[in-house]
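Read through the structure below, which is laid out as structure tokens, and then see the notes.
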Amino acid sequence: MGELMGSHKKDKCKKSKHKKHKRSTDAGDACEATKDRVRAHFLDGNTGPWAKNLAAQDAQTARSVQSEKNADLAEDGAASASDRTAAVTTIRRGPDYSAPSSIDIVADPVLHALSTRRSISKVDPETPNDSDLLEIIRSISSVADHKALRPWRFLIIRGNDRHRLGDALDEAAGVVRKPGETNTKPLRAELLLALVSSPVKHDKVPEWEQHATAAGAGHLLELALWQAGWGVMWRSGTLTNTEPVRRLHRLNDHELLMGWFYIGAVPERYRQRLTTSSRPLPKPEQFLDTL
């Protein structure tokens with residue numbers, strides 16, 4: 001009798017493992033199928049509503065899978081009441097990732113640029129011209145901006161102006177150099193763009209929110225330059241808003257200097273490194289939660 005009961009339990013265990021494996025395999029196949037559909041729609045030029053339709057289909061699939069899981073739990077009477085309560089609590093807490101994603105960051109050029117962007121600390125001398133910069137600024141003017149206040153601006157720093165910036169940094173730090181010596185930090189690129197946050201008084205848009213908008217413009221600038229083929233590094237430091245540096249940039253009292261973008265061509269050694277780089281992005285789960 002004991003042997004029969006042991007055999008029965010083993011068969012039940014095998015069936016349970018088979019069910020779990022099958023559900024895992026089915027979910028993986030569904031995810032790949034969804035990505036294939038997304039990629040096909042994208043390559044065909046279909047955008048907009050199709051993504052919502054795919055999401056609705058995937059949500060229905062997820063509900064069906066969840067129904068099967070609930071049925072299995074009902075058939076298995078071995079789980080205690082406390083275990084079932086813990087399972088329900090676990091399911092209901094936090095985001096629900098059971099539905100496959102309809103987003104493919106490889107197929108979408110914008111998402112792909114976002115995920116592959118890198119800061120280039122040492123750039124080559126070639127730079128975009130001022131007309132190129134004007135088009136870049138035009139493209140980033142879509143930054144999220146409450147009441148469309150446009151509380152930001154950029155200053156172009158080239159040539160001898162870089163030496164003037166070095167002198168201002170030295171003055172702020174109290175550094176006195178020997179004749180002929182210069183601060184080489186602003187010389188690490190042929191082109192620098194200074195980002196100035198310039199908030200305006202508004203009853204519905206506090207100053208901190210306008211600073212956030214200016215920072216958003218800076219991040220979009222980096223992405224736009226990267227997508228256009230240029231290397232860029234956003235630098236700042238403890239001397240950024242000291243009096244000599246603010247004076248050089250002609251800042252008003254309410255304005256904030258948010259640093260400089262060092263811009264130039266991407267060196268070939270960096271390009272080679274990027275083609276073989278396998279550095280993973282951070283796990284996104286740490287940035288997403290529910291109330």
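In the structure tokens, the first chain shown is A, the next is B, and so on; residue numbers restart at 1 for each chain, and ligands run from 1 in the order shown.
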Using only C-alpha atoms, which protein or nucleic acid residues come within 12 Å of Glu126 (chain A)? Drop anything in the same chain fewer than 3 positions from it, and give the result as a JSON list (two decimals) with N, CA, C and O atoms, in the first residue's frame.
[["chain", "number", "residue", "atom", "x", "y", "z"],
["A", 123, "VAL", "N", 36.59, 63.02, -27.28],
["A", 123, "VAL", "CA", 36.07, 63.11, -28.64],
["A", 123, "VAL", "C", 37.15, 63.64, -29.58],
["A", 123, "VAL", "O", 38.09, 64.31, -29.16],
["A", 129, "ASN", "N", 28.62, 72.01, -37.27],
["A", 129, "ASN", "CA", 28.68, 73.46, -37.41],
["A", 129, "ASN", "C", 27.47, 74.10, -36.74],
["A", 129, "ASN", "O", 26.57, 73.40, -36.25],
["A", 189, "ALA", "N", 37.52, 69.33, -25.81],
["A", 189, "ALA", "CA", 36.71, 69.25, -27.02],
["A", 189, "ALA", "C", 36.79, 70.60, -27.73],
["A", 189, "ALA", "O", 36.98, 71.64, -27.09],
["A", 190, "GLU", "N", 36.63, 70.58, -29.06],
["A", 190, "GLU", "CA", 36.67, 71.82, -29.83],
["A", 190, "GLU", "C", 35.37, 72.61, -29.68],
["A", 190, "GLU", "O", 35.35, 73.82, -29.93],
["A", 191, "LEU", "N", 34.32, 71.95, -29.27],
["A", 191, "LEU", "CA", 33.01, 72.60, -29.13],
["A", 191, "LEU", "C", 32.40, 72.24, -27.79],
["A", 191, "LEU", "O", 32.31, 71.06, -27.43],
["A", 229, "GLY", "N", 25.21, 61.03, -34.95],
["A", 229, "GLY", "CA", 26.55, 60.51, -35.18],
["A", 229, "GLY", "C", 27.66, 61.19, -34.41],
["A", 229, "GLY", "O", 28.85, 60.90, -34.64],
["A", 230, "TRP", "N", 27.31, 62.07, -33.46],
["A", 230, "TRP", "CA", 28.33, 62.80, -32.71],
["A", 230, "TRP", "C", 28.50, 62.23, -31.30],
["A", 230, "TRP", "O", 27.55, 61.73, -30.70],
["A", 231, "GLY", "N", 29.72, 62.34, -30.78],
["A", 231, "GLY", "CA", 29.99, 61.95, -29.41],
["A", 231, "GLY", "C", 29.78, 63.15, -28.50],
["A", 231, "GLY", "O", 30.03, 64.30, -28.90],
["A", 262, "TYR", "N", 30.42, 68.56, -23.98],
["A", 262, "TYR", "CA", 31.65, 68.49, -24.79],
["A", 262, "TYR", "C", 31.34, 67.64, -26.01],
["A", 262, "TYR", "O", 31.02, 66.46, -25.89],
["A", 263, "ILE", "N", 31.44, 68.23, -27.20],
["A", 263, "ILE", "CA", 30.93, 67.60, -28.43],
["A", 263, "ILE", "C", 32.04, 67.43, -29.46],
["A", 263, "ILE", "O", 32.87, 68.32, -29.66],
["A", 264, "GLY", "N", 32.05, 66.30, -30.14],
["A", 264, "GLY", "CA", 33.00, 66.05, -31.21],
["A", 264, "GLY", "C", 32.73, 64.72, -31.89],
["A", 264, "GLY", "O", 31.76, 64.03, -31.57],
["A", 265, "ALA", "N", 33.61, 64.37, -32.81],
["A", 265, "ALA", "CA", 33.46, 63.10, -33.51],
["A", 265, "ALA", "C", 33.79, 61.93, -32.58],
["A", 265, "ALA", "O", 34.61, 62.07, -31.67],
["A", 266, "VAL", "N", 33.13, 60.81, -32.81],
["A", 266, "VAL", "CA", 33.40, 59.61, -32.02],
["A", 266, "VAL", "C", 34.69, 58.96, -32.52],
["A", 266, "VAL", "O", 34.78, 58.60, -33.70],
["A", 267, "PRO", "N", 35.72, 58.82, -31.68],
["A", 267, "PRO", "CA", 36.97, 58.18, -32.13],
["A", 267, "PRO", "C", 36.73, 56.75, -32.61],
["A", 267, "PRO", "O", 35.83, 56.07, -32.13]]
- Message: Would you compute the distance between CA of Met258 (chain A) and CA of Val175 (chain A)? Give it in Å to one decimal.
- Response: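 Distance reported for this atom pair: 22.5 Å.
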- Item | Selection: 9 Å around Pro199 (chain A), only C-alpha atoms, excl. self and same-chain fewer than 2 positions, as a list in words |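 Near neighbours after the sequence-gap exclusion: Leu149, Arg150, Pro151, Trp152, Ser197, Lys201, His202, Pro206, Glu207, Trp208, Glu209, Gln210, His211, Ala214, His254, Glu255 and Leu256 of chain A.
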- Message: My list of candidates is A:Gly259, A:Gly180, A:Pro95, A:Pro282. Which is closest to Ala215 (chain A) when distances are computed with only C-alpha atoms?
- Response: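 Nearest candidate to Ala215 (chain A) out of A:Gly259, A:Gly180, A:Pro95, A:Pro282: A:Gly259.
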- Residue among A:Val143, A:Gln227, A:Val196, A:Ser67 lying closest to Asp253 (chain A), counting only C-alpha atoms: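 Among the listed residues, the smallest separation from Asp253 (chain A) belongs to A:Val196.
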So which bits of region 50-289 of chain A end up strand (DSSP E or B) when you DSSP the backbone, as a short mmCIF file (atom, residue, chain, number, x, y, z; two decimals) with all heavy atoms, in the first residue's frame?
data_model
loop_
_atom_site.label_atom_id
_atom_site.label_comp_id
_atom_site.auth_asym_id
_atom_site.auth_seq_id
_atom_site.Cartn_x
_atom_site.Cartn_y
_atom_site.Cartn_z
N ASP A 124 36.99 63.35 -30.88
CA ASP A 124 37.90 63.85 -31.90
C ASP A 124 37.56 65.30 -32.26
O ASP A 124 36.45 65.77 -31.96
CB ASP A 124 37.84 62.96 -33.13
CG ASP A 124 38.68 61.69 -32.96
OD1 ASP A 124 39.45 61.64 -31.99
OD2 ASP A 124 38.56 60.77 -33.80
N TRP A 152 14.93 77.44 -20.96
CA TRP A 152 16.30 76.97 -21.15
C TRP A 152 16.90 77.61 -22.38
O TRP A 152 16.20 78.07 -23.28
CB TRP A 152 16.33 75.44 -21.28
CG TRP A 152 15.32 74.88 -22.24
CD1 TRP A 152 14.06 74.46 -21.96
CD2 TRP A 152 15.48 74.70 -23.66
NE1 TRP A 152 13.42 74.02 -23.10
CE2 TRP A 152 14.28 74.17 -24.17
CE3 TRP A 152 16.53 74.93 -24.54
CZ2 TRP A 152 14.08 73.86 -25.51
CZ3 TRP A 152 16.35 74.64 -25.89
CH2 TRP A 152 15.14 74.10 -26.35
N ARG A 153 18.23 77.66 -22.40
CA ARG A 153 18.97 78.16 -23.57
C ARG A 153 20.37 77.57 -23.55
O ARG A 153 20.84 77.09 -22.51
CB ARG A 153 19.03 79.68 -23.58
CG ARG A 153 19.66 80.33 -22.35
CD ARG A 153 19.45 81.84 -22.35
NE ARG A 153 19.94 82.47 -21.13
CZ ARG A 153 21.15 82.94 -20.96
NH1 ARG A 153 22.04 82.83 -21.95
NH2 ARG A 153 21.51 83.51 -19.81
N PHE A 154 21.04 77.61 -24.70
CA PHE A 154 22.39 77.09 -24.83
C PHE A 154 23.34 78.20 -25.30
O PHE A 154 22.94 79.10 -26.05
CB PHE A 154 22.44 75.94 -25.84
CG PHE A 154 21.73 74.69 -25.39
CD1 PHE A 154 20.43 74.43 -25.78
CD2 PHE A 154 22.37 73.77 -24.57
CE1 PHE A 154 19.77 73.28 -25.38
CE2 PHE A 154 21.72 72.61 -24.16
CZ PHE A 154 20.42 72.37 -24.55
N LEU A 155 24.59 78.12 -24.86
CA LEU A 155 25.64 79.05 -25.29
C LEU A 155 26.74 78.25 -25.99
O LEU A 155 27.25 77.27 -25.44
CB LEU A 155 26.23 79.80 -24.10
CG LEU A 155 25.27 80.73 -23.33
CD1 LEU A 155 25.96 81.27 -22.08
CD2 LEU A 155 24.82 81.88 -24.22
N ILE A 156 27.12 78.67 -27.21
CA ILE A 156 28.17 78.01 -27.96
C ILE A 156 29.53 78.51 -27.49
O ILE A 156 29.76 79.71 -27.37
CB ILE A 156 28.01 78.29 -29.47
CG1 ILE A 156 26.67 77.75 -29.98
CG2 ILE A 156 29.17 77.68 -30.25
CD1 ILE A 156 26.36 78.16 -31.41
N ILE A 157 30.44 77.59 -27.20
CA ILE A 157 31.78 77.93 -26.74
C ILE A 157 32.79 77.23 -27.64
O ILE A 157 32.91 76.01 -27.63
CB ILE A 157 32.00 77.51 -25.27
CG1 ILE A 157 30.94 78.15 -24.36
CG2 ILE A 157 33.40 77.88 -24.80
CD1 ILE A 157 31.01 77.70 -22.92
N ARG A 158 33.50 78.02 -28.45
CA ARG A 158 34.52 77.51 -29.35
C ARG A 158 35.80 78.33 -29.21
O ARG A 158 35.80 79.42 -28.63
CB ARG A 158 34.06 77.59 -30.81
CG ARG A 158 32.83 76.76 -31.20
CD ARG A 158 32.58 76.92 -32.70
NE ARG A 158 31.35 76.32 -33.17
CZ ARG A 158 31.24 75.07 -33.62
NH1 ARG A 158 32.31 74.28 -33.64
NH2 ARG A 158 30.08 74.59 -34.05
N LEU A 191 34.32 71.95 -29.27
CA LEU A 191 33.01 72.60 -29.13
C LEU A 191 32.40 72.24 -27.79
O LEU A 191 32.31 71.06 -27.43
CB LEU A 191 32.06 72.16 -30.26
CG LEU A 191 30.58 72.50 -30.09
CD1 LEU A 191 30.36 74.01 -30.06
CD2 LEU A 191 29.74 71.86 -31.20
N LEU A 192 31.98 73.26 -27.07
CA LEU A 192 31.22 73.08 -25.82
C LEU A 192 29.90 73.82 -25.97
O LEU A 192 29.84 74.90 -26.57
CB LEU A 192 31.96 73.63 -24.61
CG LEU A 192 33.09 72.81 -23.98
CD1 LEU A 192 34.26 72.65 -24.95
CD2 LEU A 192 33.56 73.48 -22.69
N LEU A 193 28.84 73.24 -25.43
CA LEU A 193 27.55 73.92 -25.32
C LEU A 193 27.21 74.04 -23.85
O LEU A 193 27.15 73.03 -23.14
CB LEU A 193 26.43 73.15 -26.04
CG LEU A 193 26.27 73.32 -27.54
CD1 LEU A 193 25.01 72.59 -28.01
CD2 LEU A 193 26.17 74.79 -27.93
N ALA A 194 27.03 75.26 -23.37
CA ALA A 194 26.63 75.48 -21.98
C ALA A 194 25.11 75.50 -21.91
O ALA A 194 24.45 76.16 -22.73
CB ALA A 194 27.19 76.80 -21.47
N LEU A 195 24.55 74.76 -20.96
CA LEU A 195 23.10 74.72 -20.77
C LEU A 195 22.72 75.63 -19.60
O LEU A 195 23.22 75.47 -18.49
CB LEU A 195 22.64 73.29 -20.49
CG LEU A 195 21.18 73.11 -20.04
CD1 LEU A 195 20.21 73.67 -21.08
CD2 LEU A 195 20.89 71.63 -19.78
N VAL A 196 21.83 76.57 -19.88
CA VAL A 196 21.37 77.51 -18.86
C VAL A 196 19.89 77.29 -18.62
O VAL A 196 19.08 77.32 -19.57
CB VAL A 196 21.60 78.97 -19.29
CG1 VAL A 196 21.08 79.94 -18.23
CG2 VAL A 196 23.09 79.22 -19.54
N SER A 197 19.52 77.03 -17.37
CA SER A 197 18.11 76.97 -16.99
C SER A 197 17.66 78.38 -16.64
O SER A 197 18.26 79.02 -15.78
CB SER A 197 17.91 76.03 -15.79
OG SER A 197 16.55 76.01 -15.39
N TRP A 230 27.31 62.07 -33.46
CA TRP A 230 28.33 62.80 -32.71
C TRP A 230 28.50 62.23 -31.30
O TRP A 230 27.55 61.73 -30.70
CB TRP A 230 27.96 64.28 -32.61
CG TRP A 230 27.88 64.97 -33.93
CD1 TRP A 230 26.75 65.33 -34.60
CD2 TRP A 230 28.97 65.36 -34.77
NE1 TRP A 230 27.05 65.92 -35.80
CE2 TRP A 230 28.42 65.95 -35.93
CE3 TRP A 230 30.36 65.27 -34.64
CZ2 TRP A 230 29.23 66.44 -36.96
CZ3 TRP A 230 31.16 65.75 -35.67
CH2 TRP A 230 30.59 66.33 -36.81
N GLY A 231 29.72 62.34 -30.78
CA GLY A 231 29.99 61.95 -29.41
C GLY A 231 29.78 63.15 -28.50
O GLY A 231 30.03 64.30 -28.90
N VAL A 232 29.34 62.91 -27.28
CA VAL A 232 29.08 64.01 -26.35
C VAL A 232 29.25 63.54 -24.92
O VAL A 232 28.98 62.38 -24.59
CB VAL A 232 27.65 64.60 -26.58
CG1 VAL A 232 26.59 63.52 -26.41
CG2 VAL A 232 27.39 65.77 -25.64
N MET A 233 29.72 64.45 -24.07
CA MET A 233 29.87 64.19 -22.64
C MET A 233 29.33 65.40 -21.89
O MET A 233 29.77 66.53 -22.12
CB MET A 233 31.34 63.97 -22.29
CG MET A 233 31.59 63.60 -20.84
SD MET A 233 31.26 61.84 -20.55
CE MET A 233 31.86 61.66 -18.87
N TRP A 234 28.37 65.18 -20.98
CA TRP A 234 27.80 66.25 -20.17
C TRP A 234 28.64 66.36 -18.89
O TRP A 234 28.69 65.45 -18.09
CB TRP A 234 26.35 65.93 -19.85
CG TRP A 234 25.58 67.04 -19.17
CD1 TRP A 234 26.06 68.21 -18.66
CD2 TRP A 234 24.16 67.07 -18.96
NE1 TRP A 234 25.05 68.97 -18.14
CE2 TRP A 234 23.87 68.29 -18.30
CE3 TRP A 234 23.12 66.19 -19.24
CZ2 TRP A 234 22.57 68.65 -17.93
CZ3 TRP A 234 21.83 66.55 -18.88
CH2 TRP A 234 21.56 67.77 -18.23
N ARG A 235 29.30 67.52 -18.72
CA ARG A 235 30.16 67.72 -17.56
C ARG A 235 29.69 68.91 -16.74
O ARG A 235 29.10 69.86 -17.27
CB ARG A 235 31.62 67.96 -18.00
CG ARG A 235 32.24 66.82 -18.80
CD ARG A 235 33.67 67.16 -19.19
NE ARG A 235 34.28 66.14 -20.03
CZ ARG A 235 34.90 65.06 -19.59
NH1 ARG A 235 34.99 64.84 -18.28
NH2 ARG A 235 35.43 64.19 -20.43
N LEU A 256 20.34 79.34 -13.70
CA LEU A 256 21.20 78.28 -13.17
C LEU A 256 21.98 77.66 -14.32
O LEU A 256 21.40 77.22 -15.32
CB LEU A 256 20.35 77.20 -12.48
CG LEU A 256 21.10 76.06 -11.81
CD1 LEU A 256 21.89 76.55 -10.61
CD2 LEU A 256 20.11 74.96 -11.39
N LEU A 257 23.31 77.63 -14.19
CA LEU A 257 24.15 76.96 -15.19
C LEU A 257 24.18 75.47 -14.87
O LEU A 257 24.57 75.07 -13.77
CB LEU A 257 25.57 77.55 -15.16
CG LEU A 257 26.58 76.97 -16.15
CD1 LEU A 257 26.09 77.13 -17.58
CD2 LEU A 257 27.95 77.63 -15.97
N MET A 258 23.78 74.65 -15.82
CA MET A 258 23.63 73.22 -15.58
C MET A 258 24.76 72.39 -16.17
O MET A 258 24.66 71.15 -16.24
CB MET A 258 22.27 72.75 -16.10
CG MET A 258 21.11 73.56 -15.55
SD MET A 258 19.49 72.86 -15.88
CE MET A 258 19.45 71.54 -14.66
N GLY A 259 25.83 73.05 -16.59
CA GLY A 259 26.99 72.32 -17.09
C GLY A 259 27.23 72.55 -18.56
O GLY A 259 26.58 73.38 -19.20
N TRP A 260 28.19 71.78 -19.10
CA TRP A 260 28.63 71.93 -20.48
C TRP A 260 28.61 70.58 -21.18
O TRP A 260 28.96 69.56 -20.61
CB TRP A 260 30.05 72.49 -20.53
CG TRP A 260 30.22 73.79 -19.80
CD1 TRP A 260 30.09 75.05 -20.30
CD2 TRP A 260 30.57 73.96 -18.42
NE1 TRP A 260 30.33 76.00 -19.33
CE2 TRP A 260 30.64 75.36 -18.16
CE3 TRP A 260 30.85 73.07 -17.38
CZ2 TRP A 260 30.95 75.87 -16.90
CZ3 TRP A 260 31.15 73.58 -16.12
CH2 TRP A 260 31.21 74.97 -15.90
N PHE A 261 28.24 70.62 -22.45
CA PHE A 261 28.27 69.43 -23.29
C PHE A 261 29.51 69.51 -24.18
O PHE A 261 29.64 70.43 -24.99
CB PHE A 261 27.00 69.33 -24.14
CG PHE A 261 25.75 69.18 -23.32
CD1 PHE A 261 25.09 70.30 -22.82
CD2 PHE A 261 25.25 67.93 -23.01
CE1 PHE A 261 23.96 70.16 -22.04
CE2 PHE A 261 24.12 67.78 -22.23
CZ PHE A 261 23.47 68.90 -21.74
N TYR A 262 30.42 68.56 -23.98
CA TYR A 262 31.65 68.49 -24.79
C TYR A 262 31.34 67.64 -26.01
O TYR A 262 31.02 66.46 -25.89
CB TYR A 262 32.77 67.86 -23.97
CG TYR A 262 33.34 68.76 -22.89
CD1 TYR A 262 32.55 69.23 -21.85
CD2 TYR A 262 34.68 69.13 -22.91
CE1 TYR A 262 33.07 70.06 -20.85
CE2 TYR A 262 35.23 69.95 -21.92
CZ TYR A 262 34.40 70.41 -20.90
OH TYR A 262 34.93 71.23 -19.92
N ILE A 263 31.44 68.23 -27.20
CA ILE A 263 30.93 67.60 -28.43
C ILE A 263 32.04 67.43 -29.46
O ILE A 263 32.87 68.32 -29.66
CB ILE A 263 29.79 68.45 -29.03
CG1 ILE A 263 28.68 68.66 -27.98
CG2 ILE A 263 29.23 67.80 -30.28
CD1 ILE A 263 27.69 69.73 -28.37
N GLY A 264 32.05 66.30 -30.14
CA GLY A 264 33.00 66.05 -31.21
C GLY A 264 32.73 64.72 -31.89
O GLY A 264 31.76 64.03 -31.57
N ALA A 265 33.61 64.37 -32.81
CA ALA A 265 33.46 63.10 -33.51
C ALA A 265 33.79 61.93 -32.58
O ALA A 265 34.61 62.07 -31.67
CB ALA A 265 34.36 63.07 -34.74
#
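Closest to Leu221 (chain A) among A:Leu165, A:Leu134, A:Leu111, A:Val205 is A:Leu134, based on only C-alpha atoms.
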- Item | Straight-line distance linking CA of Asp289 (chain A) with CA of Arg93 (chain A), stated in Å to one decimal |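 Computing it gives 9.1 Å between the two atoms.
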- Item | Point-to-point distance in Å for CA of Ser115 (chain A) and CA of Ile103 (chain A) | 12.9 Å
- Task: Write down as a PyMOL selection string the residues belonging to region 148-266 of chain A that are assigned alpha helix (DSSP H) by DSSP computed on the backbone.
- Result: chain A and resi 160-173+207-227+243-248
Go ahead and save the picked residues with C-alpha atoms, as a PDB file, in the first residue's frame.
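Okay, this is what ended up in out.pdb:
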ATOM      1  CA  ASN A 160      39.490  81.211 -27.524  1.00  0.00           C
ATOM      2  CA  ASP A 161      36.229  81.241 -25.540  1.00  0.00           C
ATOM      3  CA  ARG A 162      37.343  77.909 -24.105  1.00  0.00           C
ATOM      4  CA  HIS A 163      40.421  79.617 -22.650  1.00  0.00           C
ATOM      5  CA  ARG A 164      38.181  82.290 -21.141  1.00  0.00           C
ATOM      6  CA  LEU A 165      36.178  79.529 -19.473  1.00  0.00           C
ATOM      7  CA  GLY A 166      39.410  78.019 -18.140  1.00  0.00           C
ATOM      8  CA  ASP A 167      40.425  81.399 -16.684  1.00  0.00           C
ATOM      9  CA  ALA A 168      37.027  81.761 -14.982  1.00  0.00           C
ATOM     10  CA  LEU A 169      37.335  78.281 -13.478  1.00  0.00           C
ATOM     11  CA  ASP A 170      40.816  79.131 -12.198  1.00  0.00           C
ATOM     12  CA  GLU A 171      39.548  82.379 -10.681  1.00  0.00           C
ATOM     13  CA  ALA A 172      36.730  80.517  -8.949  1.00  0.00           C
ATOM     14  CA  ALA A 173      39.155  77.922  -7.568  1.00  0.00           C
ATOM     15  CA  GLU A 207      10.842  77.001 -10.427  1.00  0.00           C
ATOM     16  CA  TRP A 208      11.922  73.416  -9.683  1.00  0.00           C
ATOM     17  CA  GLU A 209       9.679  72.132 -12.472  1.00  0.00           C
ATOM     18  CA  GLN A 210      11.255  74.539 -14.948  1.00  0.00           C
ATOM     19  CA  HIS A 211      14.727  73.357 -13.931  1.00  0.00           C
ATOM     20  CA  ALA A 212      13.512  69.817 -14.625  1.00  0.00           C
ATOM     21  CA  THR A 213      12.399  70.915 -18.098  1.00  0.00           C
ATOM     22  CA  ALA A 214      15.833  72.400 -18.781  1.00  0.00           C
ATOM     23  CA  ALA A 215      17.479  69.146 -17.673  1.00  0.00           C
ATOM     24  CA  GLY A 216      15.126  67.283 -20.014  1.00  0.00           C
ATOM     25  CA  ALA A 217      16.291  69.483 -22.889  1.00  0.00           C
ATOM     26  CA  GLY A 218      19.869  68.565 -22.000  1.00  0.00           C
ATOM     27  CA  HIS A 219      19.162  64.834 -22.092  1.00  0.00           C
ATOM     28  CA  LEU A 220      17.367  65.178 -25.422  1.00  0.00           C
ATOM     29  CA  LEU A 221      20.353  67.133 -26.764  1.00  0.00           C
ATOM     30  CA  GLU A 222      22.660  64.221 -25.893  1.00  0.00           C
ATOM     31  CA  LEU A 223      20.338  61.737 -27.552  1.00  0.00           C
ATOM     32  CA  ALA A 224      19.867  63.881 -30.688  1.00  0.00           C
ATOM     33  CA  LEU A 225      23.618  64.380 -31.088  1.00  0.00           C
ATOM     34  CA  TRP A 226      24.239  60.662 -30.573  1.00  0.00           C
ATOM     35  CA  GLN A 227      21.620  59.734 -33.164  1.00  0.00           C
ATOM     36  CA  GLU A 243      30.499  83.966  -9.363  1.00  0.00           C
ATOM     37  CA  PRO A 244      33.351  84.151 -11.938  1.00  0.00           C
ATOM     38  CA  VAL A 245      31.815  81.367 -14.057  1.00  0.00           C
ATOM     39  CA  ARG A 246      28.310  82.834 -13.848  1.00  0.00           C
ATOM     40  CA  ARG A 247      29.696  86.242 -14.837  1.00  0.00           C
ATOM     41  CA  LEU A 248      31.375  84.784 -17.927  1.00  0.00           C
TER      42      LEU A 248
END
